[in-house]
>>> print(open('final04.tsv').read())   # TSV, C-alpha atoms
chain	number	residue	atom	x	y	z
A	1	MET	CA	-108.86	-101.36	27.92
A	2	SER	CA	-106.99	-98.09	27.42
A	3	VAL	CA	-107.55	-94.71	25.78
A	4	SER	CA	-105.22	-92.38	23.91
A	5	LEU	CA	-105.69	-88.77	22.89
A	6	VAL	CA	-104.62	-88.34	19.25
A	7	VAL	CA	-104.10	-84.75	18.07
A	8	GLU	CA	-103.71	-83.86	14.38
A	9	GLY	CA	-101.72	-80.84	13.24
A	10	GLY	CA	-102.91	-78.40	10.60
A	11	GLY	CA	-101.18	-75.15	11.51
A	12	MET	CA	-103.58	-72.47	12.72
A	13	ARG	CA	-106.52	-74.84	12.22
A	14	GLY	CA	-105.31	-76.31	15.51
A	15	PHE	CA	-107.20	-73.56	17.34
A	16	TYR	CA	-110.26	-75.79	16.90
A	17	SER	CA	-108.43	-78.56	18.78
A	18	MET	CA	-107.43	-76.09	21.50
A	19	GLY	CA	-111.08	-75.25	21.97
A	20	VAL	CA	-112.01	-78.92	22.36
A	21	LEU	CA	-109.17	-79.47	24.84
A	22	SER	CA	-110.11	-76.37	26.79
A	23	ARG	CA	-113.62	-77.71	27.32
A	24	MET	CA	-112.23	-81.12	28.29
A	25	LEU	CA	-110.12	-79.42	30.95
A	26	ASP	CA	-113.19	-77.56	32.20
A	27	GLU	CA	-114.81	-80.95	32.78
A	28	GLY	CA	-111.71	-82.40	34.44
A	29	ILE	CA	-110.91	-84.79	31.58
A	30	ARG	CA	-107.15	-85.20	31.36
A	31	LEU	CA	-106.15	-88.26	29.41
A	32	PRO	CA	-102.79	-89.78	30.38
A	33	ARG	CA	-101.54	-90.90	26.94
A	34	VAL	CA	-101.28	-88.25	24.24
A	35	ILE	CA	-99.94	-88.76	20.71
A	36	ALA	CA	-99.54	-85.58	18.69
A	37	VAL	CA	-98.22	-84.42	15.35
A	38	SER	CA	-97.00	-81.05	14.09
A	39	SER	CA	-99.00	-78.13	15.52
A	40	GLY	CA	-101.06	-80.72	17.39
A	41	ALA	CA	-98.01	-81.08	19.64
A	42	LEU	CA	-98.40	-77.42	20.65
A	43	ALA	CA	-102.04	-78.00	21.62
A	44	ALA	CA	-101.12	-81.24	23.40
A	45	ALA	CA	-98.37	-79.64	25.49
A	46	ARG	CA	-100.70	-76.86	26.54
A	47	TYR	CA	-103.40	-79.39	27.43
A	48	LEU	CA	-101.03	-81.42	29.61
A	49	ALA	CA	-99.92	-78.21	31.29
A	50	GLY	CA	-103.57	-77.30	31.91
A	51	LYS	CA	-103.20	-74.12	29.82
A	52	THR	CA	-105.38	-74.29	26.73
A	53	GLY	CA	-107.79	-71.56	27.89
A	54	VAL	CA	-109.18	-68.64	25.93
A	55	GLY	CA	-106.55	-66.36	27.46
A	56	PHE	CA	-104.04	-67.79	25.00
A	57	VAL	CA	-106.23	-66.87	22.04
A	58	ARG	CA	-106.52	-63.30	23.31
A	59	GLU	CA	-102.84	-63.11	24.17
A	60	LEU	CA	-101.68	-64.32	20.79
A	61	GLY	CA	-103.48	-61.66	18.78
A	62	GLY	CA	-102.43	-61.64	15.13
A	63	THR	CA	-99.50	-63.72	13.96
A	64	ARG	CA	-98.14	-61.14	11.54
A	65	ASP	CA	-95.25	-60.44	13.91
A	66	LEU	CA	-94.71	-64.13	14.66
A	67	LEU	CA	-94.86	-65.71	11.19
A	68	ARG	CA	-92.35	-63.52	9.40
A	69	PRO	CA	-90.82	-63.82	5.90
A	70	ALA	CA	-87.37	-65.30	6.17
A	71	GLY	CA	-85.76	-63.24	3.42
A	72	LEU	CA	-83.26	-65.14	1.26
A	73	VAL	CA	-84.56	-68.71	0.99
A	74	SER	CA	-82.39	-71.82	0.95
A	75	PRO	CA	-83.30	-75.52	1.10
A	76	ARG	CA	-82.59	-75.41	4.86
A	77	GLY	CA	-84.14	-72.01	5.46
A	78	GLY	CA	-87.83	-71.93	4.56
A	79	LEU	CA	-90.16	-69.09	3.65
A	80	LEU	CA	-91.17	-68.18	7.21
A	81	ARG	CA	-89.50	-67.76	10.57
A	82	THR	CA	-91.82	-69.42	13.07
A	83	SER	CA	-89.85	-69.61	16.31
A	84	GLY	CA	-91.72	-66.58	17.68
A	85	PHE	CA	-95.09	-68.28	17.35
A	86	ILE	CA	-93.87	-71.58	18.80
A	87	ASP	CA	-92.27	-69.86	21.80
A	88	ARG	CA	-95.48	-67.92	22.44
A	89	ALA	CA	-97.58	-71.07	22.17
A	90	VAL	CA	-95.36	-73.25	24.39
A	91	PRO	CA	-93.14	-71.07	26.60
A	92	ARG	CA	-90.84	-72.76	29.09
A	93	ASP	CA	-93.41	-72.83	31.90
A	94	VAL	CA	-95.84	-74.74	29.65
A	95	LEU	CA	-93.16	-77.23	28.61
A	96	ASP	CA	-92.03	-77.74	32.21
A	97	ALA	CA	-95.62	-78.30	33.34
A	98	ALA	CA	-96.27	-80.77	30.51
A	99	LEU	CA	-93.21	-82.80	31.49
A	100	CYS	CA	-94.25	-82.70	35.15
A	101	SER	CA	-97.84	-83.75	34.45
A	102	GLY	CA	-97.12	-87.46	34.75
A	103	ALA	CA	-98.68	-88.04	31.33
A	104	HIS	CA	-97.07	-89.91	28.46
A	105	LEU	CA	-96.67	-87.57	25.47
A	106	GLU	CA	-95.34	-88.71	22.09
A	107	VAL	CA	-94.36	-86.37	19.26
A	108	SER	CA	-93.26	-87.36	15.75
A	109	ALA	CA	-91.08	-85.96	13.00
A	110	VAL	CA	-89.76	-87.28	9.69
A	111	ARG	CA	-86.01	-87.82	9.30
A	112	ALA	CA	-85.01	-85.95	6.16
A	113	ARG	CA	-82.24	-88.22	4.88
A	114	ASP	CA	-84.49	-91.28	4.48
A	115	ALA	CA	-88.03	-89.95	5.15
A	116	GLN	CA	-88.48	-92.33	8.09
A	117	LEU	CA	-90.97	-91.44	10.82
A	118	THR	CA	-89.38	-90.96	14.25
A	119	TRP	CA	-91.23	-90.85	17.59
A	120	TRP	CA	-90.03	-89.24	20.82
A	121	ALA	CA	-91.62	-89.89	24.21
A	122	SER	CA	-91.69	-87.38	27.04
A	123	ASP	CA	-90.61	-90.14	29.43
A	124	ASP	CA	-87.21	-90.12	27.70
A	125	LEU	CA	-86.68	-86.35	27.81
A	126	ALA	CA	-84.75	-84.64	30.58
A	127	SER	CA	-85.68	-80.99	30.04
A	128	ALA	CA	-88.06	-78.47	28.53
A	129	ASP	CA	-85.37	-77.62	25.98
A	130	GLU	CA	-85.37	-81.20	24.70
A	131	LEU	CA	-89.15	-81.21	24.40
A	132	ARG	CA	-89.14	-77.85	22.60
A	133	GLU	CA	-86.50	-79.11	20.15
A	134	ARG	CA	-88.69	-82.06	19.20
A	135	ILE	CA	-91.89	-80.04	18.95
A	136	VAL	CA	-90.11	-77.60	16.62
A	137	ALA	CA	-88.99	-80.56	14.48
A	138	SER	CA	-92.53	-81.95	14.39
A	139	CYS	CA	-93.86	-78.56	13.20
A	140	SER	CA	-91.17	-77.97	10.57
A	141	ILE	CA	-93.06	-77.97	7.26
A	142	PRO	CA	-90.56	-78.33	4.39
A	143	VAL	CA	-90.13	-75.27	2.16
A	144	VAL	CA	-92.31	-73.12	4.43
A	145	MET	CA	-90.36	-73.41	7.69
A	146	PRO	CA	-86.69	-73.77	8.54
A	147	ILE	CA	-85.53	-77.37	8.70
A	148	ALA	CA	-84.88	-78.49	12.29
A	149	THR	CA	-82.13	-80.66	13.73
A	150	VAL	CA	-82.24	-83.08	16.64
A	151	GLY	CA	-79.09	-84.92	17.67
A	152	GLY	CA	-77.33	-83.84	14.48
A	153	GLU	CA	-80.09	-85.25	12.24
A	154	VAL	CA	-82.35	-83.09	10.08
A	155	TYR	CA	-86.08	-83.54	10.72
A	156	VAL	CA	-89.29	-82.13	9.26
A	157	ASP	CA	-93.04	-82.19	9.94
A	158	GLY	CA	-94.27	-85.58	11.22
A	159	GLY	CA	-97.56	-85.12	9.41
A	160	ILE	CA	-95.86	-85.91	6.11
A	161	ARG	CA	-95.92	-89.59	7.07
A	162	ASP	CA	-98.78	-89.87	9.56
A	163	SER	CA	-101.09	-86.92	10.17
A	164	ILE	CA	-103.59	-88.74	12.43
A	165	PRO	CA	-101.46	-91.25	14.35
A	166	ILE	CA	-104.11	-93.71	15.52
A	167	ASP	CA	-101.90	-96.48	14.13
A	168	ARG	CA	-99.13	-95.44	16.51
A	169	ALA	CA	-101.48	-95.83	19.46
A	170	ARG	CA	-102.71	-99.21	18.20
A	171	ASP	CA	-99.14	-100.43	17.78
A	172	GLU	CA	-98.62	-99.69	21.48
A	173	GLY	CA	-101.64	-101.76	22.45
A	174	VAL	CA	-104.07	-98.88	23.00
A	175	THR	CA	-107.57	-100.00	22.08
A	176	HIS	CA	-109.62	-96.77	22.13
A	177	HIS	CA	-108.90	-93.22	21.05
A	178	VAL	CA	-110.20	-89.68	21.36
A	179	ALA	CA	-109.08	-88.13	18.06
A	180	LEU	CA	-108.96	-84.40	17.33
A	181	LEU	CA	-109.00	-83.65	13.61
A	182	THR	CA	-108.81	-80.26	11.92
A	183	ARG	CA	-110.54	-81.05	8.63
A	184	PRO	CA	-114.25	-81.80	7.99
A	185	ARG	CA	-115.45	-85.38	7.59
A	186	LEU	CA	-115.55	-85.39	3.78
A	187	TYR	CA	-112.25	-83.59	3.18
A	188	ARG	CA	-109.69	-85.42	1.06
A	189	LYS	CA	-106.26	-84.02	0.22
A	190	GLY	CA	-105.23	-83.62	-3.42
A	191	ARG	CA	-101.82	-84.23	-4.96
A	192	GLN	CA	-99.11	-81.60	-4.49
A	193	HIS	CA	-98.75	-79.18	-7.41
A	194	LEU	CA	-95.30	-77.93	-6.41
A	195	GLU	CA	-93.10	-80.68	-7.81
A	196	LEU	CA	-90.63	-78.32	-9.50
A	197	TYR	CA	-90.28	-76.25	-6.32
A	198	LEU	CA	-89.85	-79.38	-4.21
A	199	ARG	CA	-87.15	-80.66	-6.55
A	200	TRP	CA	-85.15	-77.50	-5.92
A	201	TRP	CA	-85.85	-76.90	-2.23
A	202	LEU	CA	-85.44	-80.53	-1.24
A	203	ARG	CA	-82.68	-81.51	-3.64
A	204	PRO	CA	-80.44	-82.74	-0.77
A	205	TYR	CA	-83.27	-85.05	0.39
A	206	PRO	CA	-84.72	-87.10	-2.51
A	207	ALA	CA	-86.53	-89.57	-0.21
A	208	LEU	CA	-88.22	-86.69	1.58
A	209	ARG	CA	-89.22	-85.12	-1.74
A	210	ARG	CA	-90.91	-88.39	-2.77
A	211	ALA	CA	-92.72	-88.55	0.58
A	212	MET	CA	-93.97	-84.99	0.10
A	213	LEU	CA	-95.32	-85.81	-3.35
A	214	GLU	CA	-97.15	-88.83	-1.90
A	215	ARG	CA	-98.45	-87.03	1.19
A	216	HIS	CA	-102.02	-86.89	-0.09
A	217	LEU	CA	-102.10	-90.68	-0.12
A	218	SER	CA	-100.93	-91.06	3.48
A	219	TYR	CA	-103.22	-88.27	4.69
A	220	ASN	CA	-106.32	-89.69	3.04
A	221	SER	CA	-105.45	-93.12	4.41
A	222	SER	CA	-105.27	-91.62	7.91
A	223	MET	CA	-108.69	-90.00	7.44
A	224	LEU	CA	-110.19	-93.33	6.38
A	225	LEU	CA	-108.64	-95.09	9.39
A	226	ALA	CA	-110.12	-92.49	11.75
A	227	LYS	CA	-113.56	-93.02	10.21
A	228	SER	CA	-113.19	-96.80	10.37
A	229	GLU	CA	-112.24	-96.71	14.06
A	230	GLU	CA	-115.10	-94.30	14.75
A	231	ASP	CA	-117.61	-96.54	12.97
A	232	ALA	CA	-116.34	-99.52	14.97
A	233	GLY	CA	-116.85	-97.66	18.25
A	234	ARG	CA	-113.15	-97.58	19.06
A	235	ALA	CA	-112.62	-93.86	18.39
A	236	PHE	CA	-114.46	-90.74	19.52
A	237	VAL	CA	-113.66	-88.18	16.84
A	238	PHE	CA	-113.93	-84.41	17.02
A	239	ARG	CA	-113.75	-82.64	13.68
A	240	PRO	CA	-114.95	-79.19	12.55
A	241	GLY	CA	-118.05	-78.95	10.42
A	242	LYS	CA	-116.16	-76.71	8.02
A	243	THR	CA	-112.64	-75.43	7.40
A	244	PHE	CA	-112.36	-72.18	9.37
A	245	MET	CA	-109.03	-70.98	8.04
A	246	ARG	CA	-105.97	-71.80	6.01
A	247	ARG	CA	-102.91	-73.31	7.65
A	248	PHE	CA	-101.03	-69.99	8.02
A	249	GLU	CA	-103.93	-67.73	8.90
A	250	VAL	CA	-103.05	-64.37	10.51
A	251	ASN	CA	-106.54	-63.11	11.38
A	252	PRO	CA	-107.06	-63.40	15.17
A	253	GLU	CA	-110.84	-63.26	14.77
A	254	LYS	CA	-110.67	-66.55	12.84
A	255	PHE	CA	-108.60	-68.04	15.67
A	256	ARG	CA	-111.36	-67.11	18.09
A	257	VAL	CA	-114.12	-68.49	15.86
A	258	ALA	CA	-112.32	-71.83	15.44
A	259	TYR	CA	-111.52	-72.02	19.16
A	260	GLU	CA	-115.11	-71.30	20.18
A	261	ALA	CA	-116.40	-73.83	17.65
A	262	GLY	CA	-114.18	-76.47	19.27
A	263	ARG	CA	-115.46	-75.59	22.73
A	264	ALA	CA	-119.07	-75.66	21.54
A	265	ASP	CA	-118.69	-79.01	19.78
A	266	CYS	CA	-117.08	-80.54	22.85
A	267	ALA	CA	-119.77	-79.14	25.18
A	268	ALA	CA	-122.56	-80.48	22.98
A	269	ARG	CA	-121.01	-83.94	22.86
A	270	MET	CA	-119.75	-84.09	26.44
A	271	PRO	CA	-122.28	-86.69	27.67
A	272	ALA	CA	-121.35	-88.96	24.76
A	273	LEU	CA	-117.63	-88.40	25.40
A	274	VAL	CA	-117.93	-89.28	29.08
A	275	SER	CA	-119.94	-92.39	28.19
A	276	PHE	CA	-117.26	-93.41	25.67
A	277	LEU	CA	-114.48	-92.96	28.23
A	278	ASP	CA	-116.41	-94.86	30.89
A	279	SER	CA	-117.03	-97.81	28.59
A	280	ALA	CA	-113.46	-97.77	27.24
A	281	THR	CA	-111.88	-97.89	30.70
A	282	ASP	CA	-114.41	-100.12	32.49
A	283	ALA	CA	-114.66	-97.51	35.25
A	284	PRO	CA	-116.80	-94.46	35.98
A	285	ALA	CA	-115.32	-91.20	34.72
A	286	LEU	CA	-113.97	-89.05	37.56
A	287	ARG	CA	-114.56	-85.37	37.01
A	288	GLY	CA	-114.49	-81.97	38.71
A	289	ALA	CA	-112.50	-81.21	41.82
A	290	ALA	CA	-111.16	-84.74	42.17
A	291	VAL	CA	-109.21	-84.27	38.97
A	292	ASP	CA	-107.58	-81.08	40.22
A	293	ALA	CA	-105.70	-83.15	42.79
A	294	GLY	CA	-104.16	-85.33	40.07
A	295	MET	CA	-104.76	-87.01	36.74
A	296	ARG	CA	-107.81	-89.21	36.12
A	297	ASP	CA	-106.88	-92.55	37.70
A	298	SER	CA	-109.95	-94.18	36.14
A	299	HIS	CA	-108.48	-93.39	32.73
A	300	GLY	CA	-105.19	-95.09	33.41
A	301	MET	CA	-103.01	-92.27	34.75
A	302	ARG	CA	-99.90	-93.68	36.35
A	303	PRO	CA	-98.59	-92.06	39.55
A	304	VAL	CA	-96.26	-89.08	39.17
A	305	ALA	CA	-92.70	-90.40	39.23
A	306	ASP	CA	-89.18	-89.15	39.79
A	307	GLY	CA	-90.23	-86.49	42.25
A	308	ARG	CA	-92.18	-84.54	39.64
A	309	LYS	CA	-95.25	-82.68	40.83
A	310	ALA	CA	-98.54	-82.80	38.97
A	311	ALA	CA	-99.14	-79.54	37.10
A	312	GLY	CA	-102.37	-77.67	37.62
A	313	GLY	CA	-104.06	-74.42	36.68
A	314	ARG	CA	-105.06	-73.04	33.36
>>> encode(input="final04.tsv", output="structure tokens")
Amino acid sequence: MSVSLVVEGGGMRGFYSMGVLSRMLDEGIRLPRVIAVSSGALAAARYLAGKTGVGFVRELGGTRDLLRPAGLVSPRGGLLRTSGFIDRAVPRDVLDAALCSGAHLEVSAVRARDAQLTWWASDDLASADELRERIVASCSIPVVMPIATVGGEVYVDGGIRDSIPIDRARDEGVTHHVALLTRPRLYRKGRQHLELYLRWWLRPYPALRRAMLERHLSYNSSMLLAKSEEDAGRAFVFRPGKTFMRRFEVNPEKFRVAYEAGRADCAARMPALVSFLDSATDAPALRGAAVDAGMRDSHGMRPVADGRKAAGGR
């Protein structure tokens, strides 16, 4: 059997996921297959680099200088400039370390011209710049953020099509999942109320506009799948007990509260998590100092290839 780490997006709500991942790193749990969407890709890259610690929360401070109004808005422009926040969250050293970790990371985005979901794997990327380009595309929320391009194609936020990509892991033959969600158990998304705005902003991309208007259906379906897999014992799901902040929060105190809640939830459920991983991999969970020398072999980590060195440190 095999295990994937599935990380939802959710903008600044992802600080909860960072807290969970930080505690997992403290316990030496570094899963080798990570599938992430939107801002979840930022948390995932930091996790694979071993750098999801509280220092990042302190360092970031407020986002008022990082999420800035873009001025004159166009369909390709967006309301906010977000490159400052993304570069602070995943600077080059983090991206390099994630690529050198030996883990398999997948990030998704939606192709604007036909609203098709596209996946990129770290195994196929040659540089930190290529990984950054794809993470930016995965985080590019239409209307709010500038539209991103990869290989001459326009892409937007992968969460439009699949916010909690357990299906992606199952399609690849992965049987068990640790899923990090950013909404409470009973949350269900409502229909978009911005149809007139979407018609104008996304007028070059009618298929994408339709996908945006139907996003609540795909999101709620993903939530139901996560619950179904959890009930069947195939998924270990972390989710906050309440919504700590809106997607584009700028209050650093709320970042800290969400982050600490993630750490606390993970600490409280650590014995159950280790038991789940042990049963899912048919091998005892290796923890502590042994993990510092490399990834968790008992959880399926392949050897580091192509002369890359395993990244360490937090």
>>> atom_distance(input="final04.tsv", atom1="atom CA of Val144 of chain A", atom2="atom CA of Met212 of chain A")
12.7 Å
>>> axis_aligned_box(input="final04.tsv", around="segment 164-179 of chain A", padding_each_side="3 Å", output="lines of an AutoDock Vina configuration file")
center_x = -104.4
center_y = -94.9
center_z = 17.7
size_x = 17.6
size_y = 19.6
size_z = 16.6
>>> closest_residue(input="final04.tsv", among="A:Ser39, A:Asn220, A:Gly159, A:Arg111", to="Tyr16 of chain A", atoms="only C-alpha atoms")
A:Ser39
>>> closest_residue(input="final04.tsv", among="A:Leu31, A:Ala235, A:Ala272, A:Ala97", to="Ile166 of chain A", atoms="all atoms listed in the file")
A:Ala235
>>> atom_distance(input="final04.tsv", atom1="atom CA of Val237 of chain A", atom2="atom CA of Ala89 of chain A")
24.1 Å
>>> closest_residue(input="final04.tsv", among="A:Pro146, A:Ala98, A:Gln116, A:Phe244", to="Leu131 of chain A", atoms="all atoms listed in the file")
A:Ala98
>>> atom_distance(input="final04.tsv", atom1="atom CA of Leu180 of chain A", atom2="atom CA of Ile135 of chain A")
17.7 Å
>>> closest_residue(input="final04.tsv", among="A:Ser279, A:Ser22, A:Ser38, A:Ser108", to="Met145 of chain A", atoms="all atoms listed in the file")
A:Ser38
>>> closest_residue(input="final04.tsv", among="A:Met24, A:Ile35, A:Met223, A:Ala44", to="Glu172 of chain A", atoms="only C-alpha atoms")
A:Ile35
>>> closest_residue(input="final04.tsv", among="A:Ala264, A:Ala226, A:Leu198, A:Leu273", to="Met18 of chain A", atoms="all atoms listed in the file")
A:Ala264
>>> residues_near_point(input="final04.tsv", point="(-109.4, -71.4, 20.8)", cutoff="7 Å", atoms="only C-alpha atoms", output="PyMOL selection string")
chain A and resi 15-16+18-19+54+57+255-256+258-260
